[in-house]
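In what follows, a single structure is set out as structure tokens and then discussed.
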There are 2 protein chains.
Amino acid sequence: MTIYDISERAGVSIATVSRVLNGSSNVSEKTKQKVLDVINQCEYTPNAFARGLGLNTMKTIGIMCADSSDLYLAKAIYYIEQKLRANGYDSILCCTGYSLESKKSCMNLLITKKVDGIILVGSNFVYDKDAENRYILDAAAQVPVMLLNAALEAPNVYSILSDDFSSVYEATMQLILSGVEDILYFTNSSSYSSKKKMAGFRNAMESQKLFSSGSLIQFYQGSHEDIHAMADHLMKLYQKGLRFHGIIASDDCLAMGAVRFALNAGLSIPEDLCVIGYNNSLLVYCCEPEMSSIDNKLETLCQNLILTLMGVLGGKEMPKQTVFSGEVIHRGTTLAGSGDCQK
Amino acid sequence: MTIYDISERAGVSIATVSRVLNGSSNVSEKTKQKVLDVINQCEYTPNAFARGLGLNTMKTIGIMCADSSDLYLAKAIYYIEQKLRANGYDSILCCTGYSLESKKSCMNLLITKKVDGIILVGSNFVYDKDAENRYILDAAAQVPVMLLNAALEAPNVYSILSDDFSSVYEATMQLILSGVEDILYFTNSSSYSSKKKMAGFRNAMESQKLFSSGSLIQFYQGSHEDIHAMADHLMKLYQKGLRFHGIIASDDCLAMGAVRFALNAGLSIPEDLCVIGYNNSLLVYCCEPEMSSIDNKLETLCQNLILTLMGVLGGKEMPKQTVFSGEVIHRGTTLAGSGDCQK
DNA sequence: GAAAACACTGTAACCGCTTACAAATAATTT
DNA sequence: AAATTATTTGTAAGCGGTTACAGTGTTTTC
């Protein structure tokens with residue numbers, strides 16, 4: 001069933017059918033209705049490929065993320081996909097993994113598929129060295145590129161992110177003010193946003209003359225989900241004699257590792273050890289006491305990202321970078337929050 | 001840059017260029033190389049829409065899931081997307097939510113976009129009433145439809161699922177054999193696989209003459225992630241005087257709710273209450289003691305699903321239904337596993 | 001009532017690729 | 001060497017839409 005069939009049955013030309021299909025105003029109400037009737041009756045839907053060829057777009061956005069099974073990224077993808085579809089776009093998903101090579105190849109694939117825009121979900125897509133960000137700039141030469149939780153100043157690249165520096169700075173200060181001074185920053189990444197977080201931690205510590213040595217920032221290198229390994233990492237440090245009464249983790253899962261470590265080491269939370277996670281995910285309710293965490297307003301970020309993208313696609317001038325502030329939420333794993341548990 | 005440009009520069013016809021592009025064997029090695037050189041030199045990539053129009057496919061598979069941020073579904077999507085791309089396909093993702101209406105509309109969207117196949121991730125896509133499954137059959141009239149964790153006998157519909165009945169049956173029996181006889185089945189869904197699970201539970205209980213009343217199966221209706229609400233649900237039962245020493249949950253998150261309930265009620269696990277979750281997700285390591293759970297071999301399922309789909313798309317005869325068995329993994333929340341914790 | 005403006009509709013070119021078929025060339029056979 | 005066959009290449013007709021432009025019929029203007 002093609003546009004020709006419809007035009008024939010409706011007794012009009014294909015141009016008229018096409019006009020009806022595309023909501024052109026230059027069709028009389030009468031013929032419009034006639035055509036619409038035939039279309040409905042035949043359950044005709046225009047061929048998407050032909051349409052794509054004619055219009056040079058299929059209203060599709062490419063979404064890239066390292067690992068869609070990551071709790072946080074999965075949530076972001078959910079918000080983004082929903083809002084995209086609500087705007088008449090749909091999304092090609094690519095889980096790239098963490099290697100630059102595969103990111104590049106996914107990027108090319110999306111460009112080849114002629115998506116209308118590309119969303120990079122997660123801060124791990126932006127590198128330190130300019131040369132490594134080349135692939136983003138190349139893509140941006142073709143279609144707008146949106147960064148969630150990362151920033152890159154470049155033409156046709158738009159960044160939506162939370163103020164990770166300030167969030168962690170604040171969390172650290174609050175921990176210090178509650179009397180905890182030997183704090184460990186526990187992370188598994190050195191991505192764009194991770195660096196910001198670390199800087200926030202470091203600045204806060206230094207402002208209180210507490211940043212003594214590099215060992216206060218601990219990198220965990222194992223699997224993203226292996227809570228045991230995370231706990232072991234900390235246990236080793238502990239056994240070597242390193243002491244700390246507070247841990248700020250770069251995500252909730254790592255924080256969960258910290259909680260487990262405390263359990264294994266016989267430390268009680270929050271008396272002997274305070275823990276603050278990041279992302280305020282489902283996991284915060286999964287431990288006892290419940291976990292304090294930093295909420296970076298993911299839904300707001302995603303909402304704004306789509307808004308910006310739609311603006312750009314609509315030819316509007318849009319802000320190149322938008323920053324939202326996060327919020328430290330205290331629950332049972334910090335002293336400040338052991339009393340009043342905010343939602 | 002089109003195929004005409006290439007043909008001109010290479011001094012051949014567009015047909016030849018097209019042949020080279022599509023790896024046709026009827027091209028001499030010499031001209032092939034000549035064309036390839038020009039293509040590389042010009043960094044030419046064929047227009048995907050035109051190609052789609054010509055070949056009537058864009059090598060794209062539609063993935064539908066209710067909520068990509070669900071721990072289990074997210075993981076499935078990850079596996080599926082990766083394996084699809086490895087096979088030269090990419091995927092349009094649609095998060096449908098749980099209403100039939102939106103499932104239908106997503107399905108239509110995918111058909112309209114002319115995907116080569118559709119994967120329904122999660123058992124909630126299959127309904128009891130045949131009429132409500134109409135939308136699946138309609139889609140299957142166009143393209144193969146793959147069901148993950150659900151089954152439907154229909155032309156061009158392929159089901160890949162785990163043997164949820166047996167898994168839960170076994171888990172229940174093991175609980176009973178360990179001395180726990182008053183067991184609650186805790187679920188939030190009545191999807192295809194949920195029913196199987198319930199039947200497994202019921203059968204096991206009945207086989208031991210323990211299935212006294214309907215109250216042994218408890219439906220939780222709230223948010224999928226609200227662990228507090230889940231715990232509250234159980235607490236209300238408990239306060240009403242209902243007593244149980246075992247809980248089998250239809251997913252790990254609900255099991256986590258059970259763990260929290262135990263905490264709130266002052267019950268110790270596993271002495272006073274045994275808990276078994278489902279999915280063997282990240283969450284099992286997030287509580288103390290670690291959670292016993294049923295592993296349904298998600299990666300194997302996904303692997304097989306893609307294998308089957310590729311077979312079907314390649315015109316091969318493929319099994320209409322493939323069932324894998326799961327495994328009960330005992331950890332700290334069951335008596336059987338309090339001693340020997342298997343990985 | 002003729003000219004001008006307007007609203008609607010149709011014709012045909014084009015989007016960029018695939019592929020059936022015809023044509024030309026090369027390799028075998030007799 | 002002619003005839004036959006196999007290999008390679010080119011021509012042109014789609015694939016199913018969009019849309020510039022031209023054409024027709026109506027209404028408005030003076």
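Chain labels A, B, ... are given in the sequence in which chains occur in the structure tokens; within each chain residues are numbered consecutively from 1, and ligands are likewise numbered from 1 in the order shown.
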Shell of 12 Å around Tyr127 (chain B), only C-alpha atoms (C1' of nucleotides), local chain residues under 4 positions omitted, as a VMD selection string: chain B and resid 98 to 100 103 122 to 123 131 to 136 150 to 152 189 to 195
Store the residues picked out above in a file with N, CA and C atoms, as a PDB file, in the first residue's frame.
```pdb
ATOM      1  N   TYR B  98       3.604   0.596  31.925  1.00  0.00           N
ATOM      2  CA  TYR B  98       2.884  -0.651  32.129  1.00  0.00           C
ATOM      3  C   TYR B  98       1.473  -0.692  31.543  1.00  0.00           C
ATOM      4  N   SER B  99       1.049   0.391  30.922  1.00  0.00           N
ATOM      5  CA  SER B  99      -0.319   0.374  30.407  1.00  0.00           C
ATOM      6  C   SER B  99      -0.386  -0.252  29.018  1.00  0.00           C
ATOM      7  N   LEU B 100      -1.441  -0.956  28.791  1.00  0.00           N
ATOM      8  CA  LEU B 100      -1.613  -1.629  27.505  1.00  0.00           C
ATOM      9  C   LEU B 100      -1.636  -0.623  26.366  1.00  0.00           C
ATOM     10  N   LYS B 103       1.753   0.435  25.375  1.00  0.00           N
ATOM     11  CA  LYS B 103       2.447  -0.669  24.719  1.00  0.00           C
ATOM     12  C   LYS B 103       2.029  -0.745  23.263  1.00  0.00           C
ATOM     13  N   GLY B 122      10.637  -8.552  29.211  1.00  0.00           N
ATOM     14  CA  GLY B 122       9.870  -8.592  30.450  1.00  0.00           C
ATOM     15  C   GLY B 122       8.541  -9.271  30.246  1.00  0.00           C
ATOM     16  N   SER B 123       8.083  -9.903  31.301  1.00  0.00           N
ATOM     17  CA  SER B 123       6.914 -10.753  31.151  1.00  0.00           C
ATOM     18  C   SER B 123       5.613  -9.969  31.135  1.00  0.00           C
ATOM     19  N   ALA B 131      -7.540 -11.366  23.756  1.00  0.00           N
ATOM     20  CA  ALA B 131      -7.838 -10.086  23.106  1.00  0.00           C
ATOM     21  C   ALA B 131      -6.754  -9.061  23.398  1.00  0.00           C
ATOM     22  N   GLU B 132      -6.232  -9.137  24.597  1.00  0.00           N
ATOM     23  CA  GLU B 132      -5.230  -8.137  24.976  1.00  0.00           C
ATOM     24  C   GLU B 132      -3.858  -8.426  24.364  1.00  0.00           C
ATOM     25  N   ASN B 133      -3.712  -9.616  23.856  1.00  0.00           N
ATOM     26  CA  ASN B 133      -2.447  -9.938  23.192  1.00  0.00           C
ATOM     27  C   ASN B 133      -2.503  -9.690  21.695  1.00  0.00           C
ATOM     28  N   ARG B 134      -3.654  -9.250  21.274  1.00  0.00           N
ATOM     29  CA  ARG B 134      -3.875  -8.921  19.862  1.00  0.00           C
ATOM     30  C   ARG B 134      -2.712  -8.099  19.280  1.00  0.00           C
ATOM     31  N   TYR B 135      -2.303  -7.100  20.032  1.00  0.00           N
ATOM     32  CA  TYR B 135      -1.282  -6.190  19.519  1.00  0.00           C
ATOM     33  C   TYR B 135       0.037  -6.911  19.215  1.00  0.00           C
ATOM     34  N   ILE B 136       0.279  -7.973  19.948  1.00  0.00           N
ATOM     35  CA  ILE B 136       1.495  -8.752  19.674  1.00  0.00           C
ATOM     36  C   ILE B 136       1.329  -9.532  18.378  1.00  0.00           C
ATOM     37  N   ALA B 150       8.575 -14.536  28.818  1.00  0.00           N
ATOM     38  CA  ALA B 150       7.146 -14.725  28.664  1.00  0.00           C
ATOM     39  C   ALA B 150       6.956 -15.708  27.528  1.00  0.00           C
ATOM     40  N   ALA B 151       5.767 -16.236  27.405  1.00  0.00           N
ATOM     41  CA  ALA B 151       5.523 -17.174  26.317  1.00  0.00           C
ATOM     42  C   ALA B 151       4.159 -16.919  25.724  1.00  0.00           C
ATOM     43  N   LEU B 152       4.103 -17.079  24.434  1.00  0.00           N
ATOM     44  CA  LEU B 152       2.856 -16.905  23.716  1.00  0.00           C
ATOM     45  C   LEU B 152       2.966 -17.769  22.474  1.00  0.00           C
ATOM     46  N   SER B 189       3.274  -8.288  41.052  1.00  0.00           N
ATOM     47  CA  SER B 189       2.888  -8.380  39.646  1.00  0.00           C
ATOM     48  C   SER B 189       2.130  -9.664  39.394  1.00  0.00           C
ATOM     49  N   SER B 190       1.318  -9.637  38.381  1.00  0.00           N
ATOM     50  CA  SER B 190       0.650 -10.874  38.007  1.00  0.00           C
ATOM     51  C   SER B 190       0.933 -11.137  36.536  1.00  0.00           C
ATOM     52  N   SER B 191       2.128 -10.776  36.154  1.00  0.00           N
ATOM     53  CA  SER B 191       2.537 -10.987  34.771  1.00  0.00           C
ATOM     54  C   SER B 191       2.698 -12.480  34.511  1.00  0.00           C
ATOM     55  N   TYR B 192       2.964 -12.777  33.276  1.00  0.00           N
ATOM     56  CA  TYR B 192       3.134 -14.158  32.865  1.00  0.00           C
ATOM     57  C   TYR B 192       4.094 -14.923  33.779  1.00  0.00           C
ATOM     58  N   SER B 193       5.284 -14.371  33.957  1.00  0.00           N
ATOM     59  CA  SER B 193       6.264 -15.128  34.742  1.00  0.00           C
ATOM     60  C   SER B 193       5.904 -15.114  36.224  1.00  0.00           C
ATOM     61  N   SER B 194       5.276 -14.036  36.657  1.00  0.00           N
ATOM     62  CA  SER B 194       4.849 -13.995  38.053  1.00  0.00           C
ATOM     63  C   SER B 194       3.873 -15.121  38.355  1.00  0.00           C
ATOM     64  N   LYS B 195       2.998 -15.363  37.426  1.00  0.00           N
ATOM     65  CA  LYS B 195       2.016 -16.438  37.625  1.00  0.00           C
ATOM     66  C   LYS B 195       2.726 -17.777  37.737  1.00  0.00           C
TER      67      LYS B 195
END
```
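Residues with any atom within 7 Å of Lys197 (chain A), counting only C-alpha atoms (C1' of nucleotides) and excluding same-chain neighbours fewer than 3 positions away, are A:Asp164, A:Phe165, A:Val168, A:Ser193, A:Ser194, A:Gly200, A:Phe201.
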Got time to write the residues from that selection, N, CA and C atoms, as a PDB file, in the first residue's frame?
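Heads up, here's the output in part.pdb:
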```pdb
ATOM      1  N   ASP A 164      28.743  19.238  40.548  1.00  0.00           N
ATOM      2  CA  ASP A 164      29.315  18.196  41.397  1.00  0.00           C
ATOM      3  C   ASP A 164      30.359  18.747  42.364  1.00  0.00           C
ATOM      4  N   PHE A 165      31.092  19.710  41.885  1.00  0.00           N
ATOM      5  CA  PHE A 165      32.093  20.314  42.757  1.00  0.00           C
ATOM      6  C   PHE A 165      31.437  20.788  44.050  1.00  0.00           C
ATOM      7  N   VAL A 168      29.904  18.032  46.460  1.00  0.00           N
ATOM      8  CA  VAL A 168      30.863  17.296  47.276  1.00  0.00           C
ATOM      9  C   VAL A 168      31.546  18.228  48.262  1.00  0.00           C
ATOM     10  N   SER A 193      33.128  14.359  35.536  1.00  0.00           N
ATOM     11  CA  SER A 193      32.418  14.734  36.760  1.00  0.00           C
ATOM     12  C   SER A 193      33.140  14.207  37.994  1.00  0.00           C
ATOM     13  N   SER A 194      33.814  13.081  37.849  1.00  0.00           N
ATOM     14  CA  SER A 194      34.582  12.570  38.974  1.00  0.00           C
ATOM     15  C   SER A 194      35.652  13.555  39.393  1.00  0.00           C
ATOM     16  N   GLY A 200      36.087  19.146  44.584  1.00  0.00           N
ATOM     17  CA  GLY A 200      35.224  19.651  45.643  1.00  0.00           C
ATOM     18  C   GLY A 200      35.680  19.125  46.996  1.00  0.00           C
ATOM     19  N   PHE A 201      35.980  17.843  47.009  1.00  0.00           N
ATOM     20  CA  PHE A 201      36.454  17.222  48.247  1.00  0.00           C
ATOM     21  C   PHE A 201      37.754  17.874  48.702  1.00  0.00           C
TER      22      PHE A 201
END
```
Closest of C:DA2, C:DA12, C:DA26, C:DA20 to chain A - atom-to-atom distances counting only C-alpha atoms (C1' of nucleotides): C:DA12
Within 8 Å of chain C: residues of chain B, using only C-alpha atoms (C1' of nucleotides), as a VMD selection string: chain B and resid 2 to 3 18 46 to 47 50 to 51 53 to 55
Just write the chosen residues, N, CA and C atoms, as a PDB file, in the first residue's frame.
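Output file again.pdb follows:
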```
ATOM      1  N   THR B   2      27.544  11.530  -3.047  1.00  0.00           N
ATOM      2  CA  THR B   2      26.640  10.405  -3.330  1.00  0.00           C
ATOM      3  C   THR B   2      27.368   9.346  -4.137  1.00  0.00           C
ATOM      4  N   ILE B   3      26.638   8.335  -4.413  1.00  0.00           N
ATOM      5  CA  ILE B   3      27.205   7.231  -5.163  1.00  0.00           C
ATOM      6  C   ILE B   3      27.595   7.676  -6.576  1.00  0.00           C
ATOM      7  N   SER B  18      27.805   0.400  -6.230  1.00  0.00           N
ATOM      8  CA  SER B  18      26.851  -0.247  -5.345  1.00  0.00           C
ATOM      9  C   SER B  18      27.270  -1.691  -5.075  1.00  0.00           C
ATOM     10  N   PRO B  46      27.371   5.597   2.512  1.00  0.00           N
ATOM     11  CA  PRO B  46      26.109   5.620   1.779  1.00  0.00           C
ATOM     12  C   PRO B  46      24.985   6.182   2.632  1.00  0.00           C
ATOM     13  N   ASN B  47      24.063   6.816   2.008  1.00  0.00           N
ATOM     14  CA  ASN B  47      22.912   7.390   2.696  1.00  0.00           C
ATOM     15  C   ASN B  47      21.995   6.272   3.211  1.00  0.00           C
ATOM     16  N   ALA B  50      18.284   6.139   1.852  1.00  0.00           N
ATOM     17  CA  ALA B  50      18.170   5.640   0.487  1.00  0.00           C
ATOM     18  C   ALA B  50      18.394   4.138   0.469  1.00  0.00           C
ATOM     19  N   ARG B  51      19.364   3.746   1.225  1.00  0.00           N
ATOM     20  CA  ARG B  51      19.665   2.334   1.313  1.00  0.00           C
ATOM     21  C   ARG B  51      18.475   1.575   1.889  1.00  0.00           C
ATOM     22  N   LEU B  53      15.462   2.411   1.783  1.00  0.00           N
ATOM     23  CA  LEU B  53      14.385   2.389   0.790  1.00  0.00           C
ATOM     24  C   LEU B  53      14.638   1.298  -0.251  1.00  0.00           C
ATOM     25  N   GLY B  54      15.883   1.217  -0.683  1.00  0.00           N
ATOM     26  CA  GLY B  54      16.209   0.214  -1.684  1.00  0.00           C
ATOM     27  C   GLY B  54      16.114  -1.211  -1.158  1.00  0.00           C
ATOM     28  N   LEU B  55      16.648  -1.404   0.034  1.00  0.00           N
ATOM     29  CA  LEU B  55      16.734  -2.766   0.587  1.00  0.00           C
ATOM     30  C   LEU B  55      15.528  -3.115   1.441  1.00  0.00           C
TER      31      LEU B  55
END
```
Would you give me, as a Markdown table, each residue of chain D having an atom within 12 Å of an atom of chain B, along with its shortest atom pair and that distance in Å to one decimal, using only C-alpha atoms (C1' of nucleotides) and sorting by chain and residue number?
```
| residue | atom | partner | partner_atom | distance |
| --- | --- | --- | --- | --- |
| D:DA6 | C1' | B:Asn26 | CA | 11.2 |
| D:DT7 | C1' | B:Asn26 | CA | 7.5 |
| D:DT8 | C1' | B:Val27 | CA | 6.3 |
| D:DT9 | C1' | B:Thr16 | CA | 7.1 |
| D:DG10 | C1' | B:Ser13 | CA | 6.2 |
| D:DT11 | C1' | B:Ser13 | CA | 9.2 |
| D:DA12 | C1' | B:Ala15 | CA | 10.7 |
| D:DG14 | C1' | B:Gly54 | CA | 8.9 |
| D:DC15 | C1' | B:Gly54 | CA | 5.3 |
| D:DG16 | C1' | B:Leu53 | CA | 7.7 |
| D:DG17 | C1' | B:Leu53 | CA | 9.8 |
```
Residues just named, written with N, CA and C atoms (P, O5', C5', C4', C3', O3' and C1' of nucleotides) as a PDB file, in the first residue's frame:
```
ATOM      1  P    DA D   6      28.829 -21.312 -18.457  1.00  0.00           P
ATOM      2  O5'  DA D   6      29.868 -20.218 -17.983  1.00  0.00           O
ATOM      3  C5'  DA D   6      31.262 -20.493 -18.092  1.00  0.00           C
ATOM      4  C4'  DA D   6      32.056 -19.292 -17.614  1.00  0.00           C
ATOM      5  C3'  DA D   6      31.503 -18.646 -16.348  1.00  0.00           C
ATOM      6  O3'  DA D   6      32.610 -18.289 -15.535  1.00  0.00           O
ATOM      7  C1'  DA D   6      31.540 -17.040 -18.083  1.00  0.00           C
ATOM      8  P    DT D   7      32.394 -17.587 -14.100  1.00  0.00           P
ATOM      9  O5'  DT D   7      32.782 -16.093 -14.431  1.00  0.00           O
ATOM     10  C5'  DT D   7      34.060 -15.816 -15.001  1.00  0.00           C
ATOM     11  C4'  DT D   7      34.160 -14.339 -15.302  1.00  0.00           C
ATOM     12  C3'  DT D   7      33.784 -13.422 -14.132  1.00  0.00           C
ATOM     13  O3'  DT D   7      34.884 -12.558 -13.906  1.00  0.00           O
ATOM     14  C1'  DT D   7      32.740 -12.714 -16.133  1.00  0.00           C
ATOM     15  P    DT D   8      34.883 -11.572 -12.638  1.00  0.00           P
ATOM     16  O5'  DT D   8      34.413 -10.227 -13.338  1.00  0.00           O
ATOM     17  C5'  DT D   8      35.215  -9.683 -14.378  1.00  0.00           C
ATOM     18  C4'  DT D   8      34.490  -8.537 -15.039  1.00  0.00           C
ATOM     19  C3'  DT D   8      34.056  -7.411 -14.101  1.00  0.00           C
ATOM     20  O3'  DT D   8      34.800  -6.259 -14.469  1.00  0.00           O
ATOM     21  C1'  DT D   8      32.368  -7.957 -15.673  1.00  0.00           C
ATOM     22  P    DT D   9      34.590  -4.914 -13.707  1.00  0.00           P
ATOM     23  O5'  DT D   9      33.414  -4.276 -14.548  1.00  0.00           O
ATOM     24  C5'  DT D   9      33.687  -3.712 -15.821  1.00  0.00           C
ATOM     25  C4'  DT D   9      32.407  -3.194 -16.413  1.00  0.00           C
ATOM     26  C3'  DT D   9      31.760  -2.041 -15.649  1.00  0.00           C
ATOM     27  O3'  DT D   9      31.912  -0.868 -16.425  1.00  0.00           O
ATOM     28  C1'  DT D   9      30.154  -3.629 -16.415  1.00  0.00           C
ATOM     29  P    DG D  10      31.294   0.489 -15.928  1.00  0.00           P
ATOM     30  O5'  DG D  10      29.919   0.499 -16.702  1.00  0.00           O
ATOM     31  C5'  DG D  10      29.915   0.323 -18.106  1.00  0.00           C
ATOM     32  C4'  DG D  10      28.498   0.443 -18.658  1.00  0.00           C
ATOM     33  C3'  DG D  10      27.735   1.675 -18.157  1.00  0.00           C
ATOM     34  O3'  DG D  10      27.048   2.242 -19.270  1.00  0.00           O
ATOM     35  C1'  DG D  10      26.509  -0.302 -17.654  1.00  0.00           C
ATOM     36  P    DT D  11      26.249   3.595 -19.092  1.00  0.00           P
ATOM     37  O5'  DT D  11      24.757   3.147 -19.356  1.00  0.00           O
ATOM     38  C5'  DT D  11      24.492   2.058 -20.232  1.00  0.00           C
ATOM     39  C4'  DT D  11      22.981   1.803 -20.256  1.00  0.00           C
ATOM     40  C3'  DT D  11      22.118   3.016 -19.931  1.00  0.00           C
ATOM     41  O3'  DT D  11      20.965   2.979 -20.759  1.00  0.00           O
ATOM     42  C1'  DT D  11      21.664   1.296 -18.391  1.00  0.00           C
ATOM     43  P    DA D  12      19.914   4.179 -20.712  1.00  0.00           P
ATOM     44  O5'  DA D  12      18.810   3.595 -19.733  1.00  0.00           O
ATOM     45  C5'  DA D  12      18.337   2.267 -19.977  1.00  0.00           C
ATOM     46  C4'  DA D  12      17.347   1.900 -18.881  1.00  0.00           C
ATOM     47  C3'  DA D  12      16.428   3.040 -18.444  1.00  0.00           C
ATOM     48  O3'  DA D  12      15.185   2.482 -18.101  1.00  0.00           O
ATOM     49  C1'  DA D  12      17.561   2.284 -16.593  1.00  0.00           C
ATOM     50  P    DG D  14       9.605   0.527 -13.839  1.00  0.00           P
ATOM     51  O5'  DG D  14      10.019   1.720 -12.856  1.00  0.00           O
ATOM     52  C5'  DG D  14       9.497   1.765 -11.540  1.00  0.00           C
ATOM     53  C4'  DG D  14      10.132   0.702 -10.671  1.00  0.00           C
ATOM     54  C3'  DG D  14       9.818   0.932  -9.213  1.00  0.00           C
ATOM     55  O3'  DG D  14       9.372  -0.250  -8.596  1.00  0.00           O
ATOM     56  C1'  DG D  14      12.177   1.089  -9.577  1.00  0.00           C
ATOM     57  P    DC D  15       8.243  -0.225  -7.565  1.00  0.00           P
ATOM     58  O5'  DC D  15       8.955   0.157  -6.198  1.00  0.00           O
ATOM     59  C5'  DC D  15       9.832  -0.737  -5.544  1.00  0.00           C
ATOM     60  C4'  DC D  15      10.483  -0.002  -4.411  1.00  0.00           C
ATOM     61  C3'  DC D  15       9.554   1.015  -3.761  1.00  0.00           C
ATOM     62  O3'  DC D  15       8.892   0.395  -2.663  1.00  0.00           O
ATOM     63  C1'  DC D  15      11.790   1.883  -4.068  1.00  0.00           C
ATOM     64  P    DG D  16       7.316   0.517  -2.591  1.00  0.00           P
ATOM     65  O5'  DG D  16       7.119   1.970  -1.979  1.00  0.00           O
ATOM     66  C5'  DG D  16       7.663   2.243  -0.709  1.00  0.00           C
ATOM     67  C4'  DG D  16       7.637   3.728  -0.475  1.00  0.00           C
ATOM     68  C3'  DG D  16       6.271   4.380  -0.696  1.00  0.00           C
ATOM     69  O3'  DG D  16       6.053   5.282   0.359  1.00  0.00           O
ATOM     70  C1'  DG D  16       7.899   5.536  -1.876  1.00  0.00           C
ATOM     71  P    DG D  17       4.625   5.763   0.714  1.00  0.00           P
ATOM     72  O5'  DG D  17       4.992   7.065   1.572  1.00  0.00           O
ATOM     73  C5'  DG D  17       4.911   8.337   1.015  1.00  0.00           C
ATOM     74  C4'  DG D  17       6.276   8.988   1.032  1.00  0.00           C
ATOM     75  C3'  DG D  17       6.238  10.499   0.875  1.00  0.00           C
ATOM     76  O3'  DG D  17       6.281  11.085   2.165  1.00  0.00           O
ATOM     77  C1'  DG D  17       7.832   9.512  -0.613  1.00  0.00           C
TER      78       DG D  17
END
```
In region 190-281 of chain B, DSSP helix (DSSP H, G or I) residues written as a short mmCIF file (atom, residue, chain, number, x, y, z; two decimals) with C-alpha atoms, in the first residue's frame:
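Saved as part.cif:
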```cif
data_model
loop_
_atom_site.label_atom_id
_atom_site.label_comp_id
_atom_site.auth_asym_id
_atom_site.auth_seq_id
_atom_site.Cartn_x
_atom_site.Cartn_y
_atom_site.Cartn_z
CA TYR B 192 3.13 -14.16 32.87
CA SER B 193 6.26 -15.13 34.74
CA SER B 194 4.85 -14.00 38.05
CA LYS B 195 2.02 -16.44 37.63
CA LYS B 196 4.47 -19.19 36.94
CA LYS B 197 6.38 -18.31 40.04
CA MET B 198 3.25 -18.27 42.14
CA ALA B 199 2.20 -21.60 40.76
CA GLY B 200 5.60 -23.02 41.69
CA PHE B 201 5.21 -21.74 45.19
CA ARG B 202 1.68 -22.98 45.52
CA ASN B 203 2.48 -26.38 44.14
CA ALA B 204 5.36 -26.85 46.51
CA MET B 205 3.27 -25.78 49.48
CA GLU B 206 0.38 -27.95 48.47
CA SER B 207 2.61 -30.92 47.94
CA GLY B 214 -4.95 -17.26 50.13
CA SER B 215 -3.26 -14.90 52.51
CA LEU B 216 -0.04 -16.75 51.93
CA ILE B 227 11.44 -0.40 49.79
CA HIS B 228 9.86 1.41 52.71
CA ALA B 229 6.39 0.87 51.38
CA MET B 230 7.13 -2.80 50.82
CA ALA B 231 8.32 -3.18 54.39
CA ASP B 232 5.27 -1.34 55.63
CA HIS B 233 3.02 -3.68 53.71
CA LEU B 234 4.50 -6.64 55.53
CA MET B 235 4.50 -4.84 58.82
CA LYS B 236 0.78 -4.26 58.60
CA LEU B 237 0.21 -7.96 58.10
CA TYR B 238 2.47 -8.73 60.99
CA GLN B 239 0.67 -6.30 63.24
CA ASP B 252 15.19 -8.82 44.84
CA CYS B 253 13.76 -5.42 45.52
CA LEU B 254 10.70 -6.86 47.20
CA ALA B 255 12.98 -9.19 49.09
CA MET B 256 14.86 -6.14 50.23
CA GLY B 257 11.56 -4.81 51.50
CA ALA B 258 11.17 -8.02 53.46
CA VAL B 259 14.61 -7.61 54.95
CA ARG B 260 13.79 -4.09 56.02
CA PHE B 261 10.53 -5.28 57.50
CA ALA B 262 12.43 -7.82 59.58
CA LEU B 263 14.67 -5.05 60.80
CA ASN B 264 11.71 -2.87 61.73
CA ALA B 265 9.92 -5.74 63.41
#
```
Distance filter 9 Å, only C-alpha atoms, chain A against chain B, as an MDAnalysis selection string: chainID A and resid 45:54 56:58 60 67:79 81:82 85 90:96 109 112:114 225:228 253 256:257 259:260 263 282:283 285:288
